[in-house]
Amino acid sequence: MGASVGLRAGILSLAILLIFGAAWHIAVSSGASSGPAMDPEYAKLMGITATSGKSAMPGPLDILAKLGEHLKRPFYDNGPNDKGLGLQLLYSLGRVGLGYFLAVLVAVPVGFVIGMFPVIYKALDPFIQVLKPVSPLAWMPLALYTIKDSGKSAIFVIFICSLWPMLINTAFGVAAVRKEWINVARTLEVSQWRQALTVILPAAAPTILTGMRISIGIAWLVIVAAEMLVGGTGIGYFVWNEWNNLSIANVIVAILLIGLVGMALDLTLARIQRRVTFPE
Amino acid sequence: MSDEKYISIEGISRQFAAPGGGKTTVFKDLWFSIPRGEFACIIGHSGCGKTTVLNILSGLELPDEGVAIVADKAIEGPSLDRAVIFQSHALLPWRTVLGNVAYAVTSRWPKWGKAKVEEHARAFIEKVGLKGSELKKPSQLSGGMKQRVGIARALSIEPKMLLMDEPFSALDALTRGTLQDEVRRICVETGQTVFMITHDVDEAIYLADKIILMTNGPEALVAEIVENPLPKDRTREGMHKHPHYYAIRNHLIDFLVARAKSFKSEIPADYDPKRPPIVRPVASPQPVPPPNSANGTAAA
């Protein structure tokens, strides 16, 4: 009774988490021994943890322990195959940040021009429509061939996947600026440049930020896959490396952290978006 | 000459692409002039091109033929000398009241410092009765208050003339009345030259010195120019008691109801588009009209 919706929702969330954790714990600690007999060849391949009694699938308590371990020393570096999770995340964030930043530099001004001139809008539309649905990873071989550097290729892939939502949203936002606002500026003899900065930009800002928010989400999805392909460093590489090490616990910890970082990125842009949105 | 014909519309016409190809002429060969310091209203049905005439005067549109002249200069584009008050107030929603007015002030005097701009803007916000709301956003204001900001913004650039596109049509009757009073007071005080579009006959009688009647479009014409016979010091409360009030009111309504449509089919032989007839409707001299009078002033 009386408790706010927020509080009740919070309690429910916690309950769901506990039930899920408990179910997971029970499933892992009882399941393995009663499972079907393993093909002996496959058992040999999987090693001791998978075959002798206990399940290779870690329980929630193992994950928590692993997470604690990582949180205690997030930035250690013991050579190429053994780096702290924090360090790996920083590598990924660096790539996403750089590729995304370059995409903003290209997409916002180009989108602005496209939005302001209907002829350019129409002329470029078929190219955008064809290139937009291409999976960014399909660009990888082309990038590797032309750039000849796997690190830069990953950044290029982030760039190309961040580009489209921002470009389309900026163009749309600029094209949809109310005519009467432009007319106000025109009757005040405001120069084209000042019109762009003082009327069109603030009027289109909420739409532009929507595009930027979609882009950062896609970039963070794509970086994991790109790093699995490129290798070397980053959270995507970490996930694949730990799969090769058969450390499922590490994979699950990484999944959790990828989700948390993605959420943080989205919330940051949502906050900026709220600041530029105006009620009418 | 420039005072008598401060604004001079000389033979303008405007065409738009028609939906099925070809072109529609909204109006053609339009002539009229407004002396300096006069308040002129234009009345006509939707589609006769009133807003287009206003856009041409503001410089947002150019005529296809003819010229619009202000102070002996042909209009070639928008100018800070001619301020526009938009029907939909057109405030920039991301700026505060002060920000909206200050935007106009800095456009007018780009070299002014921030403090001077703000002081000037505040003075005009006060003039329209919005003191205390300077830091509110347009979304926090009522319709009447938004239009007051629009008026403050237009006045703040100290224009040589005001162009108003049905500025009060979106407001409730009570707000409309007070805003009309204030606009009239400010215009009389400052001797503004004003061109205003309206649909409201009483608004035109109250505010205008001269009312331009346009026939229905397409190919609309200026049918006649009506001089307001009411005294300059008329008030909204008292004007309907003036003997000439019903004469002009009936004349205008009669035009809107019947003649706006029929005028083109029965154009008088002496009609010259360059000199549309000037009419000054006054009450007939006899105090009591005969019982079965078929006088044209009883159309309402």
# chains A, B, ... in the order shown; residues from 1 in each chain; ligands from 1
$ select_by_dssp --residues "region 40-136 of chain A" --states "helix (DSSP H, G or I)" --output "PyMOL selection string"
chain A and resi 40-46+48-51+60-72+85-116+118-131+136
$ interface_residues --of "chain A" --to "chain B" --cutoff "12 Å" --atoms "only C-alpha atoms" --output "PyMOL selection string"
chain A and resi 177-191+194-195+198-206+275-280
$ atom_distance --atom1 "CA of Leu256 (chain B)" --atom2 "CA of Gly37 (chain B)"
26.7 Å
$ atom_distance --atom1 "CA of Ala247 (chain B)" --atom2 "CA of Ala40 (chain B)"
18.7 Å
$ residues_around --residues "Ile208 (chain A)" --least-positions-apart "5" --cutoff "8 Å" --atoms "only C-alpha atoms" --output "list of chain:residue names"
A:Val108, A:Met166, A:Asn169, A:Thr170, A:Gly173
$ write_last_selection --atoms "N, CA, C and O atoms" --output "JSON list (two decimals), in the first residue's frame"
[["chain", "number", "residue", "atom", "x", "y", "z"],
["A", 108, "VAL", "N", 27.03, 14.87, -39.27],
["A", 108, "VAL", "CA", 26.23, 16.05, -38.91],
["A", 108, "VAL", "C", 26.34, 17.15, -39.97],
["A", 108, "VAL", "O", 25.31, 17.61, -40.48],
["A", 166, "MET", "N", 22.91, 8.71, -37.93],
["A", 166, "MET", "CA", 23.14, 10.13, -37.66],
["A", 166, "MET", "C", 22.88, 10.95, -38.91],
["A", 166, "MET", "O", 22.28, 12.02, -38.87],
["A", 169, "ASN", "N", 19.05, 11.02, -39.65],
["A", 169, "ASN", "CA", 18.30, 11.83, -38.68],
["A", 169, "ASN", "C", 18.63, 13.30, -38.79],
["A", 169, "ASN", "O", 17.74, 14.15, -38.65],
["A", 170, "THR", "N", 19.90, 13.63, -39.02],
["A", 170, "THR", "CA", 20.26, 15.04, -39.16],
["A", 170, "THR", "C", 19.55, 15.63, -40.38],
["A", 170, "THR", "O", 18.93, 16.69, -40.30],
["A", 173, "GLY", "N", 15.87, 15.97, -39.60],
["A", 173, "GLY", "CA", 15.62, 17.05, -38.64],
["A", 173, "GLY", "C", 15.76, 18.42, -39.28],
["A", 173, "GLY", "O", 14.94, 19.32, -39.05]]
$ select_by_dssp --residues "region 56-250 of chain B" --states "strand (DSSP E or B)" --output "MDAnalysis selection string"
chainID B and resid 65:70 73:74 82:85 161:165 193:197 210:214 220 222:227
$ write_last_selection --atoms "N, CA and C atoms" --output "mmCIF file, in the first residue's frame"
data_model
loop_
_atom_site.group_PDB
_atom_site.id
_atom_site.type_symbol
_atom_site.label_atom_id
_atom_site.label_comp_id
_atom_site.auth_asym_id
_atom_site.auth_seq_id
_atom_site.Cartn_x
_atom_site.Cartn_y
_atom_site.Cartn_z
ATOM 1 N N GLU B 65 4.805 39.893 -61.382
ATOM 2 C CA GLU B 65 4.785 41.123 -62.184
ATOM 3 C C GLU B 65 4.558 42.281 -61.242
ATOM 4 N N GLY B 66 4.965 43.467 -61.669
ATOM 5 C CA GLY B 66 4.733 44.664 -60.875
ATOM 6 C C GLY B 66 5.750 44.815 -59.756
ATOM 7 N N VAL B 67 5.601 45.909 -59.003
ATOM 8 C CA VAL B 67 6.531 46.149 -57.894
ATOM 9 C C VAL B 67 5.766 46.582 -56.655
ATOM 10 N N ALA B 68 6.386 46.297 -55.507
ATOM 11 C CA ALA B 68 5.892 46.828 -54.247
ATOM 12 C C ALA B 68 6.953 47.816 -53.781
ATOM 13 N N ILE B 69 6.525 49.049 -53.515
ATOM 14 C CA ILE B 69 7.483 50.100 -53.179
ATOM 15 C C ILE B 69 7.236 50.563 -51.749
ATOM 16 N N VAL B 70 8.307 50.659 -50.977
ATOM 17 C CA VAL B 70 8.204 51.222 -49.637
ATOM 18 C C VAL B 70 9.231 52.332 -49.548
ATOM 19 N N LYS B 73 11.483 52.880 -52.470
ATOM 20 C CA LYS B 73 12.405 51.818 -52.892
ATOM 21 C C LYS B 73 11.638 50.526 -53.125
ATOM 22 N N ALA B 74 11.940 49.871 -54.252
ATOM 23 C CA ALA B 74 11.268 48.608 -54.539
ATOM 24 C C ALA B 74 11.737 47.546 -53.538
ATOM 25 N N ARG B 82 10.708 46.478 -41.841
ATOM 26 C CA ARG B 82 9.323 46.014 -41.869
ATOM 27 C C ARG B 82 9.194 44.779 -40.984
ATOM 28 N N ALA B 83 8.605 44.959 -39.805
ATOM 29 C CA ALA B 83 8.498 43.845 -38.870
ATOM 30 C C ALA B 83 7.213 43.077 -39.119
ATOM 31 N N VAL B 84 7.288 41.752 -38.975
ATOM 32 C CA VAL B 84 6.121 40.908 -39.226
ATOM 33 C C VAL B 84 5.645 40.306 -37.904
ATOM 34 N N ILE B 85 4.339 40.387 -37.684
ATOM 35 C CA ILE B 85 3.740 39.661 -36.559
ATOM 36 C C ILE B 85 2.977 38.499 -37.174
ATOM 37 N N MET B 161 7.517 50.024 -40.384
ATOM 38 C CA MET B 161 6.120 49.607 -40.493
ATOM 39 C C MET B 161 5.909 48.205 -39.962
ATOM 40 N N LEU B 162 4.655 47.932 -39.595
ATOM 41 C CA LEU B 162 4.301 46.631 -39.040
ATOM 42 C C LEU B 162 3.420 45.884 -40.034
ATOM 43 N N LEU B 163 3.706 44.593 -40.204
ATOM 44 C CA LEU B 163 2.872 43.752 -41.044
ATOM 45 C C LEU B 163 2.279 42.678 -40.150
ATOM 46 N N MET B 164 0.956 42.581 -40.132
ATOM 47 C CA MET B 164 0.335 41.601 -39.240
ATOM 48 C C MET B 164 -0.572 40.666 -40.020
ATOM 49 N N ASP B 165 -0.334 39.369 -39.858
ATOM 50 C CA ASP B 165 -1.135 38.359 -40.551
ATOM 51 C C ASP B 165 -2.123 37.752 -39.559
ATOM 52 N N THR B 193 3.067 52.884 -39.324
ATOM 53 C CA THR B 193 2.340 52.497 -40.526
ATOM 54 C C THR B 193 2.088 51.001 -40.400
ATOM 55 N N VAL B 194 0.830 50.594 -40.572
ATOM 56 C CA VAL B 194 0.499 49.182 -40.336
ATOM 57 C C VAL B 194 -0.295 48.624 -41.504
ATOM 58 N N PHE B 195 0.032 47.398 -41.848
ATOM 59 C CA PHE B 195 -0.754 46.650 -42.835
ATOM 60 C C PHE B 195 -1.182 45.366 -42.154
ATOM 61 N N MET B 196 -2.478 45.151 -42.064
ATOM 62 C CA MET B 196 -2.952 43.988 -41.307
ATOM 63 C C MET B 196 -3.996 43.203 -42.085
ATOM 64 N N ILE B 197 -3.887 41.880 -42.006
ATOM 65 C CA ILE B 197 -4.896 41.003 -42.593
ATOM 66 C C ILE B 197 -5.887 40.652 -41.501
ATOM 67 N N LYS B 210 -8.235 52.629 -42.971
ATOM 68 C CA LYS B 210 -8.583 52.344 -44.351
ATOM 69 C C LYS B 210 -8.713 50.827 -44.473
ATOM 70 N N ILE B 211 -9.731 50.374 -45.179
ATOM 71 C CA ILE B 211 -9.940 48.934 -45.316
ATOM 72 C C ILE B 211 -9.966 48.589 -46.803
ATOM 73 N N ILE B 212 -9.046 47.706 -47.187
ATOM 74 C CA ILE B 212 -8.938 47.322 -48.596
ATOM 75 C C ILE B 212 -9.777 46.065 -48.798
ATOM 76 N N LEU B 213 -10.721 46.102 -49.731
ATOM 77 C CA LEU B 213 -11.598 44.951 -49.946
ATOM 78 C C LEU B 213 -11.126 44.183 -51.168
ATOM 79 N N MET B 214 -10.886 42.902 -50.977
ATOM 80 C CA MET B 214 -10.457 42.081 -52.108
ATOM 81 C C MET B 214 -11.563 41.117 -52.491
ATOM 82 N N ALA B 220 -7.979 37.549 -58.097
ATOM 83 C CA ALA B 220 -8.640 38.510 -57.224
ATOM 84 C C ALA B 220 -8.267 39.937 -57.603
ATOM 85 N N VAL B 222 -8.688 44.320 -56.240
ATOM 86 C CA VAL B 222 -9.079 45.226 -55.168
ATOM 87 C C VAL B 222 -10.400 45.846 -55.616
ATOM 88 N N ALA B 223 -11.506 45.472 -54.950
ATOM 89 C CA ALA B 223 -12.822 45.951 -55.388
ATOM 90 C C ALA B 223 -12.979 47.427 -55.049
ATOM 91 N N GLU B 224 -12.649 47.765 -53.815
ATOM 92 C CA GLU B 224 -12.699 49.177 -53.441
ATOM 93 C C GLU B 224 -11.907 49.385 -52.162
ATOM 94 N N ILE B 225 -11.680 50.652 -51.852
ATOM 95 C CA ILE B 225 -10.988 50.988 -50.625
ATOM 96 C C ILE B 225 -11.949 51.801 -49.771
ATOM 97 N N VAL B 226 -12.198 51.298 -48.560
ATOM 98 C CA VAL B 226 -13.189 51.924 -47.691
ATOM 99 C C VAL B 226 -12.464 52.785 -46.669
ATOM 100 N N GLU B 227 -12.860 54.056 -46.591
ATOM 101 C CA GLU B 227 -12.306 54.935 -45.558
ATOM 102 C C GLU B 227 -13.166 54.807 -44.319
#
